[in-house]
Amino acid sequence: MKRVLLLLSILWLSAAVAIGQELRAPAYPLLTHDPYFSLWSFSDTLNQSVTKHWTGQEEALTGMVKVDGKVYRFLGKEAKTFRSILPASDEQPYTFAYTESAPEAGWMNTAFATGDWKTGNAPFGDDPARASTVWPSDNLWVRRTFSLPDATPGKLYLKLNHDDNVEVYLNGEEIYRRTGWTNKYVYIPVSDAVARKLKKTGNVLAIHVANTAGGRWLDAGLVVEETSQQLIEITPAVQKSVALDATQTTYLFTCGSVDVTATFTSPLLLQHLEVLARPVSYISVKVKANDKVTHQVQLYLGASTALAVNTPEEEVSAVQYTSDKLSILKAGTKAQPVLQQKGDDVRINWGYLYVAVPEAANPIQYVSAASQAVLPFAAQEKASFTEAKTGKGLVLNTIISLGKVGAKAKEQVFLLGYDELYAVQYFHENLKPWWKQDASDTMEKELAQAAADYQQVTKQCQAFDKKLYADALKAGGKAYADLCEVAYRQAVAAHTLVKSPNGELLFLSKENFSNGSINTVDITYPSAPLFLVYNPRLVEGMLNGIFYYSESGAWKKPFPAHDLGTYPVANGQTYGEDMPVEEAGNVLILTGALAEAEGHATYAQKHWETLTTWAEYLKQSGFDPANQLSTDDFAGHLAHNANLSVKAIEALACYGKLAGMLGKADVEKQYRTLAKEMAKQWMQLANDGDHYTLAFDKPGTWSQKYNLAWDDILDLNVFPKVVSEKEIAYYLAHQGAYGLPLDSRKTYTKSDWILWTATLTDNPADFKALVQPVWKYANETKDRIPLSDWHETTDGASVGFRARSVVGGYFMKLLETKMQSR
């Protein structure tokens, strides 16, 4: 027994030491506004990787400082640029020889005869609207014969877009093989030994692709990496620290004789909708000498036009001009396919990217190819480069001289913004972003206002960040406060803010890296605590579209829709299956929470008839759910789901409470009594000794009863306290190294639900014991992506999802504190 106690003491001390550390975020937010304008650093050190969109697509920002002629890079890493030597179809039409029947051995060799093969234009695929040659079968073998009359200096890469499994050969030698698919071009290095065997004529690129599920696609070419010999050596700055706050990420560097502080501020102030909706972020660069000597300092910022395209192959145009005392660079695609691109792993390719600085700073601004972007800044002598206003993969470049810099810091602020033109299509009407409600509202005005507001807004951000952390620290401890900080910008930036045609606020989420749905109800449900804490009006904006869908008559079922479509097109549900109990319970509970947060039930009164329909559905079908999906749909269908039953019971209690707030005493009594009777029956059916089951008919199982959190938070008091006490005791004995599993079926978990589950306890030590492994996961996961809410409790690996708004659920403890203080 003493050995066990000693071990427990060691583990407790280890945990205490761990949560005393600064949290290393899985990825660091830099520019975060909405699902499209969302840029991150996927590494600990800002200048050791290319900055990326949350999907993982490279969207390069590069920052440099020149100190007495020596150049240091503090932001980003130069993205590779390529020159095609065998163009893929995005650049130039070409043909493949192909067959859909298994060929004889040696089909990949240069001498193989393809007399009976067909000829088709690339790309190949099963979508006639996109593919030049339709490929409907399970297997495809292709060959492309080509010549290379000129020498090909530079590293050789295969450029490939395939769906599904692929094997690739160059002159008979295998150069790539993968099980899986991509929906974009990837660049795979080819060994120098194979590249050296390329000939002037008679080369063959041979590929076999096999369809295993879903779509079919194939396109391929060869490229070489471009390099410039005109640059002087660029030295990576030495990063001293990084600090992540709710609205700011701040890095400190040493660049030889000067120190550089780079602060990225996205002013997502939820109580100030005009600032929240303004799509402009600040990059502040402060420089001061660290050796008591003055130094000549220049700054450089380069922004890739990749921020304005879905794929790097899209043509862009750019311009430089001045407006409202700002010097501005602007870029966007030439095609401008407004709201035509929808889906999950996609980026915006309409609207315009802006980089602006005050004219008073006397900036030098220009547009160039990526390979020549920093030549005017970093070359030893005056660089020779060609300015480019149209093309692919351009860079918007800004150079500013700070003059002589000594011990007193000098600051330069760069403004980066994005004008979507139109943000979403809402029941067949294109809606402009919230800030753009009047014809006189222009991006130039937004940039000018952002510049004028810089000092005030950053002070507001710093005050907000400080209060958020202090409140979270008081509510749940350091680990909890750290998690709230890392979740904040991610949760907010997974939404867009617009005004509906009838004047209602719409705060529409994108179901990031899940299925791309817009305004998913069971994404709103876990996300809502953050917004209930800081601005309940935004929760109305998360619900308005769902109510409209039903009340317009377009959705006729007696429970809410799962979603409004696929982002950014909200014309009606596109998810393949309903979640009746899940979504009805979600909206009823959130409407109850909204009334509690606002102190009145006006919103419920407005939608009372619809709420009543959904409550009646739950009254009939909610207690013992049929074999259907819940929000944890990745776990599959489940009948008699005990946690889903809790949701229905709490939802009916919420409906009763709302009725009471609206003076409907008889309805209140009926539904509160019904909920309590259901709770008693639930305790009998789900009882499994020292815990409650996953499903009523499955003894020996268990699950997190996170839906039970509302019973205390909303003061519903449907279940006796013994239920949560019994569950917490069981959970504490079944945690993994990186958190409490979702249920007994798998070892994976959902971190947002753990934070809900932790609020079931009144014991601060138990709360911290459940939260600390989630902190450990965020701090140690090897998946360097915006926070994934679905991970393994055994090793901290992401199972799926990233950058989703559901981490707003981390604020459940803060919501509990707010409700209790009312």
# chains A, B, ... in the order shown; residues from 1 in each chain; ligands from 1
call {"tool": "residues_around", "arguments": {"residues": "range 320-332 of chain A", "least_positions_apart": "2", "cutoff": "10 Å", "atoms": "only C-alpha atoms", "output": "ChimeraX atom specification"}}
result
/A:303-309,314-318,334-336,348-367,389-390,394-398,415-419,444-445,447-449,451
call {"tool": "residues_around", "arguments": {"residues": "range 154-158 of chain A", "least_positions_apart": "2", "cutoff": "8 Å", "atoms": "only C-alpha atoms", "output": "MDAnalysis selection string"}}
result
chainID A and resid 152 160 186:192 195 220:227
call {"tool": "write_last_selection", "arguments": {"atoms": "N, CA, C and O atoms", "output": "CSV table (one decimal), in the first residue's frame"}}
result
chain,number,residue,atom,x,y,z
A,152,THR,N,17.7,20.2,-67.3
A,152,THR,CA,16.8,20.6,-66.2
A,152,THR,C,17.5,20.7,-64.9
A,152,THR,O,17.4,19.9,-64.0
A,160,LEU,N,1.4,15.7,-58.6
A,160,LEU,CA,0.4,14.6,-58.7
A,160,LEU,C,-0.9,15.0,-57.9
A,160,LEU,O,-0.8,15.4,-56.8
A,186,VAL,N,0.1,17.5,-55.0
A,186,VAL,CA,1.2,17.3,-54.1
A,186,VAL,C,2.5,17.2,-54.9
A,186,VAL,O,2.5,16.8,-56.0
A,187,TYR,N,3.5,17.6,-54.2
A,187,TYR,CA,4.8,17.6,-54.9
A,187,TYR,C,5.8,16.6,-54.2
A,187,TYR,O,6.1,16.8,-53.0
A,188,ILE,N,6.1,15.6,-54.9
A,188,ILE,CA,6.9,14.5,-54.3
A,188,ILE,C,8.3,14.5,-54.9
A,188,ILE,O,8.5,14.5,-56.1
A,189,PRO,N,9.4,14.6,-54.1
A,189,PRO,CA,10.7,14.7,-54.6
A,189,PRO,C,11.1,13.4,-55.3
A,189,PRO,O,10.8,12.3,-54.8
A,190,VAL,N,11.8,13.5,-56.4
A,190,VAL,CA,12.3,12.3,-57.2
A,190,VAL,C,13.8,12.2,-56.9
A,190,VAL,O,14.5,13.2,-56.9
A,191,SER,N,14.2,11.0,-56.7
A,191,SER,CA,15.6,10.8,-56.3
A,191,SER,C,16.5,11.3,-57.5
A,191,SER,O,16.2,11.2,-58.6
A,192,ASP,N,17.7,11.8,-57.0
A,192,ASP,CA,18.6,12.4,-58.0
A,192,ASP,C,19.1,11.3,-59.0
A,192,ASP,O,19.3,11.5,-60.2
A,195,ALA,N,16.4,11.0,-61.6
A,195,ALA,CA,16.4,12.2,-62.4
A,195,ALA,C,17.5,12.3,-63.4
A,195,ALA,O,17.4,12.8,-64.5
A,220,ALA,N,-1.1,14.5,-63.6
A,220,ALA,CA,0.3,14.4,-63.2
A,220,ALA,C,1.2,15.2,-64.1
A,220,ALA,O,0.9,15.3,-65.3
A,221,GLY,N,2.4,15.6,-63.6
A,221,GLY,CA,3.4,16.2,-64.4
A,221,GLY,C,4.7,16.2,-63.6
A,221,GLY,O,4.8,15.6,-62.5
A,222,LEU,N,5.7,16.9,-64.1
A,222,LEU,CA,7.0,17.0,-63.5
A,222,LEU,C,7.4,18.4,-63.4
A,222,LEU,O,7.2,19.2,-64.3
A,223,VAL,N,8.0,18.8,-62.3
A,223,VAL,CA,8.5,20.2,-62.1
A,223,VAL,C,9.9,20.1,-61.4
A,223,VAL,O,10.3,19.1,-60.9
A,224,VAL,N,10.6,21.3,-61.5
A,224,VAL,CA,11.8,21.4,-60.8
A,224,VAL,C,11.7,22.6,-59.9
A,224,VAL,O,11.0,23.6,-60.2
A,225,GLU,N,12.4,22.5,-58.8
A,225,GLU,CA,12.4,23.6,-57.8
A,225,GLU,C,13.2,24.8,-58.3
A,225,GLU,O,14.3,24.6,-58.7
A,226,GLU,N,12.6,26.0,-58.2
A,226,GLU,CA,13.3,27.2,-58.6
A,226,GLU,C,14.1,27.7,-57.4
A,226,GLU,O,13.7,27.7,-56.3
A,227,THR,N,15.3,28.2,-57.7
A,227,THR,CA,16.1,28.8,-56.7
A,227,THR,C,16.7,30.1,-57.3
A,227,THR,O,16.8,30.3,-58.5
call {"tool": "residues_around", "arguments": {"residues": "range 500-502 of chain A", "least_positions_apart": "5", "cutoff": "9 Å", "atoms": "only C-alpha atoms", "output": "list in words"}}
result
Tyr426, Glu429, Leu431 and Gly545 of chain A
call {"tool": "write_last_selection", "arguments": {"atoms": "N, CA, C and O atoms", "output": "mmCIF file, in the first residue's frame"}}
result
data_model
loop_
_atom_site.group_PDB
_atom_site.id
_atom_site.type_symbol
_atom_site.label_atom_id
_atom_site.label_comp_id
_atom_site.auth_asym_id
_atom_site.auth_seq_id
_atom_site.Cartn_x
_atom_site.Cartn_y
_atom_site.Cartn_z
ATOM 1 N N TYR A 426 -27.688 32.329 -48.756
ATOM 2 C CA TYR A 426 -28.654 31.963 -47.721
ATOM 3 C C TYR A 426 -30.023 31.814 -48.369
ATOM 4 O O TYR A 426 -30.642 32.786 -48.756
ATOM 5 N N GLU A 429 -30.106 33.455 -51.770
ATOM 6 C CA GLU A 429 -29.765 34.879 -51.852
ATOM 7 C C GLU A 429 -28.355 35.090 -51.325
ATOM 8 O O GLU A 429 -28.041 34.679 -50.200
ATOM 9 N N LEU A 431 -25.442 36.852 -49.577
ATOM 10 C CA LEU A 431 -25.383 37.838 -48.500
ATOM 11 C C LEU A 431 -23.968 38.385 -48.360
ATOM 12 O O LEU A 431 -22.993 37.631 -48.341
ATOM 13 N N GLY A 545 -31.090 30.776 -38.211
ATOM 14 C CA GLY A 545 -31.257 30.094 -39.492
ATOM 15 C C GLY A 545 -32.003 28.780 -39.369
ATOM 16 O O GLY A 545 -32.793 28.410 -40.250
#
call {"tool": "closest_residue", "arguments": {"among": "A:Trp217, A:Phe74, A:Tyr28, A:Phe801", "to": "His53 in chain A", "atoms": "only C-alpha atoms"}}
result
A:Tyr28
call {"tool": "residues_around", "arguments": {"residues": "range 521-524 of chain A", "least_positions_apart": "3", "cutoff": "7 Å", "atoms": "only C-alpha atoms", "output": "number ranges by chain"}}
result
A: 527-528, 542, 562-563, 583, 586, 631, 806
call {"tool": "select_by_dssp", "arguments": {"residues": "range 118-357 of chain A", "states": "alpha helix (DSSP H)", "output": "list in words"}}
result
Asp192, Ala193, Val194, Ala195, Leu273, Glu274, Val275, Leu276 and Ala277 of chain A
call {"tool": "atom_distance", "arguments": {"atom1": "CA of Gly403 in chain A", "atom2": "CA of Thr263 in chain A"}}
result
20.8 Å
call {"tool": "closest_residue", "arguments": {"among": "A:Pro625, A:Gly120, A:Pro529, A:Pro560", "to": "Ala593 in chain A", "atoms": "only C-alpha atoms"}}
result
A:Pro529
call {"tool": "residues_around", "arguments": {"residues": "Val539 in chain A", "least_positions_apart": "3", "cutoff": "10 Å", "atoms": "only C-alpha atoms", "output": "list in words"}}
result
Leu505, Leu506, Phe507, Leu508, Thr524, Tyr525, Ser527, Ala528, Pro529, Leu530, Phe531, Leu532, Asn535, Pro536, Met542, Leu543, Asn544, Leu590, Thr591, Ala593 and Leu594 of chain A
call {"tool": "decode", "arguments": {"residues": "range 431-464 of chain A", "atoms": "N, CA and C atoms", "output": "PDB file, in the first residue's frame"}}
result
ATOM      1  N   LEU A 431     -25.442  36.852 -49.577  1.00  0.00           N
ATOM      2  CA  LEU A 431     -25.383  37.838 -48.500  1.00  0.00           C
ATOM      3  C   LEU A 431     -23.968  38.385 -48.360  1.00  0.00           C
ATOM      4  N   LYS A 432     -23.868  39.681 -48.225  1.00  0.00           N
ATOM      5  CA  LYS A 432     -22.585  40.323 -47.975  1.00  0.00           C
ATOM      6  C   LYS A 432     -22.200  40.131 -46.511  1.00  0.00           C
ATOM      7  N   PRO A 433     -20.916  40.241 -46.200  1.00  0.00           N
ATOM      8  CA  PRO A 433     -20.507  40.152 -44.792  1.00  0.00           C
ATOM      9  C   PRO A 433     -21.125  41.281 -43.974  1.00  0.00           C
ATOM     10  N   TRP A 434     -21.175  41.076 -42.673  1.00  0.00           N
ATOM     11  CA  TRP A 434     -21.849  41.986 -41.750  1.00  0.00           C
ATOM     12  C   TRP A 434     -21.384  43.434 -41.907  1.00  0.00           C
ATOM     13  N   TRP A 435     -20.092  43.638 -42.102  1.00  0.00           N
ATOM     14  CA  TRP A 435     -19.540  44.984 -42.154  1.00  0.00           C
ATOM     15  C   TRP A 435     -19.898  45.726 -43.438  1.00  0.00           C
ATOM     16  N   LYS A 436     -20.457  45.013 -44.402  1.00  0.00           N
ATOM     17  CA  LYS A 436     -20.638  45.555 -45.747  1.00  0.00           C
ATOM     18  C   LYS A 436     -22.119  45.693 -46.083  1.00  0.00           C
ATOM     19  N   GLN A 437     -22.861  46.370 -45.203  1.00  0.00           N
ATOM     20  CA  GLN A 437     -24.304  46.454 -45.381  1.00  0.00           C
ATOM     21  C   GLN A 437     -24.737  47.615 -46.271  1.00  0.00           C
ATOM     22  N   ASP A 438     -23.849  48.543 -46.500  1.00  0.00           N
ATOM     23  CA  ASP A 438     -24.179  49.734 -47.277  1.00  0.00           C
ATOM     24  C   ASP A 438     -23.232  49.838 -48.464  1.00  0.00           C
ATOM     25  N   ALA A 439     -23.712  50.408 -49.567  1.00  0.00           N
ATOM     26  CA  ALA A 439     -22.879  50.529 -50.767  1.00  0.00           C
ATOM     27  C   ALA A 439     -21.639  51.372 -50.516  1.00  0.00           C
ATOM     28  N   SER A 440     -21.715  52.234 -49.517  1.00  0.00           N
ATOM     29  CA  SER A 440     -20.563  53.095 -49.220  1.00  0.00           C
ATOM     30  C   SER A 440     -19.520  52.396 -48.357  1.00  0.00           C
ATOM     31  N   ASP A 441     -19.825  51.186 -47.870  1.00  0.00           N
ATOM     32  CA  ASP A 441     -18.879  50.440 -47.028  1.00  0.00           C
ATOM     33  C   ASP A 441     -17.855  49.746 -47.928  1.00  0.00           C
ATOM     34  N   THR A 442     -16.634  50.219 -47.874  1.00  0.00           N
ATOM     35  CA  THR A 442     -15.576  49.665 -48.711  1.00  0.00           C
ATOM     36  C   THR A 442     -14.450  49.117 -47.844  1.00  0.00           C
ATOM     37  N   MET A 443     -13.640  48.260 -48.439  1.00  0.00           N
ATOM     38  CA  MET A 443     -12.516  47.711 -47.697  1.00  0.00           C
ATOM     39  C   MET A 443     -11.504  48.797 -47.364  1.00  0.00           C
ATOM     40  N   GLU A 444     -11.383  49.770 -48.226  1.00  0.00           N
ATOM     41  CA  GLU A 444     -10.467  50.872 -47.946  1.00  0.00           C
ATOM     42  C   GLU A 444     -10.884  51.614 -46.677  1.00  0.00           C
ATOM     43  N   LYS A 445     -12.192  51.796 -46.497  1.00  0.00           N
ATOM     44  CA  LYS A 445     -12.679  52.459 -45.280  1.00  0.00           C
ATOM     45  C   LYS A 445     -12.435  51.587 -44.053  1.00  0.00           C
ATOM     46  N   GLU A 446     -12.624  50.286 -44.197  1.00  0.00           N
ATOM     47  CA  GLU A 446     -12.384  49.379 -43.070  1.00  0.00           C
ATOM     48  C   GLU A 446     -10.915  49.386 -42.670  1.00  0.00           C
ATOM     49  N   LEU A 447     -10.032  49.385 -43.658  1.00  0.00           N
ATOM     50  CA  LEU A 447      -8.602  49.435 -43.370  1.00  0.00           C
ATOM     51  C   LEU A 447      -8.219  50.743 -42.682  1.00  0.00           C
ATOM     52  N   ALA A 448      -8.782  51.851 -43.192  1.00  0.00           N
ATOM     53  CA  ALA A 448      -8.475  53.149 -42.600  1.00  0.00           C
ATOM     54  C   ALA A 448      -8.986  53.221 -41.160  1.00  0.00           C
ATOM     55  N   GLN A 449     -10.191  52.692 -40.919  1.00  0.00           N
ATOM     56  CA  GLN A 449     -10.730  52.699 -39.571  1.00  0.00           C
ATOM     57  C   GLN A 449      -9.912  51.799 -38.651  1.00  0.00           C
ATOM     58  N   ALA A 450      -9.491  50.643 -39.173  1.00  0.00           N
ATOM     59  CA  ALA A 450      -8.651  49.743 -38.382  1.00  0.00           C
ATOM     60  C   ALA A 450      -7.338  50.416 -38.007  1.00  0.00           C
ATOM     61  N   ALA A 451      -6.761  51.161 -38.952  1.00  0.00           N
ATOM     62  CA  ALA A 451      -5.514  51.872 -38.662  1.00  0.00           C
ATOM     63  C   ALA A 451      -5.732  52.935 -37.590  1.00  0.00           C
ATOM     64  N   ALA A 452      -6.837  53.669 -37.703  1.00  0.00           N
ATOM     65  CA  ALA A 452      -7.121  54.718 -36.724  1.00  0.00           C
ATOM     66  C   ALA A 452      -7.410  54.139 -35.341  1.00  0.00           C
ATOM     67  N   ASP A 453      -7.988  52.932 -35.312  1.00  0.00           N
ATOM     68  CA  ASP A 453      -8.392  52.313 -34.047  1.00  0.00           C
ATOM     69  C   ASP A 453      -7.306  51.468 -33.401  1.00  0.00           C
ATOM     70  N   TYR A 454      -6.138  51.386 -34.007  1.00  0.00           N
ATOM     71  CA  TYR A 454      -5.142  50.393 -33.580  1.00  0.00           C
ATOM     72  C   TYR A 454      -4.842  50.467 -32.086  1.00  0.00           C
ATOM     73  N   GLN A 455      -4.502  51.629 -31.596  1.00  0.00           N
ATOM     74  CA  GLN A 455      -4.127  51.746 -30.181  1.00  0.00           C
ATOM     75  C   GLN A 455      -5.287  51.355 -29.271  1.00  0.00           C
ATOM     76  N   GLN A 456      -6.468  51.865 -29.563  1.00  0.00           N
ATOM     77  CA  GLN A 456      -7.638  51.591 -28.735  1.00  0.00           C
ATOM     78  C   GLN A 456      -8.008  50.112 -28.774  1.00  0.00           C
ATOM     79  N   VAL A 457      -8.028  49.540 -29.975  1.00  0.00           N
ATOM     80  CA  VAL A 457      -8.447  48.146 -30.130  1.00  0.00           C
ATOM     81  C   VAL A 457      -7.460  47.195 -29.460  1.00  0.00           C
ATOM     82  N   THR A 458      -6.174  47.440 -29.615  1.00  0.00           N
ATOM     83  CA  THR A 458      -5.209  46.538 -28.989  1.00  0.00           C
ATOM     84  C   THR A 458      -5.274  46.626 -27.464  1.00  0.00           C
ATOM     85  N   LYS A 459      -5.557  47.822 -26.927  1.00  0.00           N
ATOM     86  CA  LYS A 459      -5.744  47.931 -25.472  1.00  0.00           C
ATOM     87  C   LYS A 459      -6.974  47.143 -25.035  1.00  0.00           C
ATOM     88  N   GLN A 460      -8.044  47.210 -25.821  1.00  0.00           N
ATOM     89  CA  GLN A 460      -9.249  46.446 -25.502  1.00  0.00           C
ATOM     90  C   GLN A 460      -8.960  44.945 -25.546  1.00  0.00           C
ATOM     91  N   CYS A 461      -8.186  44.533 -26.539  1.00  0.00           N
ATOM     92  CA  CYS A 461      -7.828  43.119 -26.656  1.00  0.00           C
ATOM     93  C   CYS A 461      -7.007  42.663 -25.452  1.00  0.00           C
ATOM     94  N   GLN A 462      -6.037  43.456 -25.079  1.00  0.00           N
ATOM     95  CA  GLN A 462      -5.189  43.085 -23.945  1.00  0.00           C
ATOM     96  C   GLN A 462      -5.989  43.019 -22.653  1.00  0.00           C
ATOM     97  N   ALA A 463      -6.914  43.959 -22.468  1.00  0.00           N
ATOM     98  CA  ALA A 463      -7.754  43.942 -21.267  1.00  0.00           C
ATOM     99  C   ALA A 463      -8.669  42.723 -21.272  1.00  0.00           C
ATOM    100  N   PHE A 464      -9.239  42.419 -22.433  1.00  0.00           N
ATOM    101  CA  PHE A 464     -10.111  41.252 -22.539  1.00  0.00           C
ATOM    102  C   PHE A 464      -9.333  39.971 -22.268  1.00  0.00           C
TER     103      PHE A 464
END
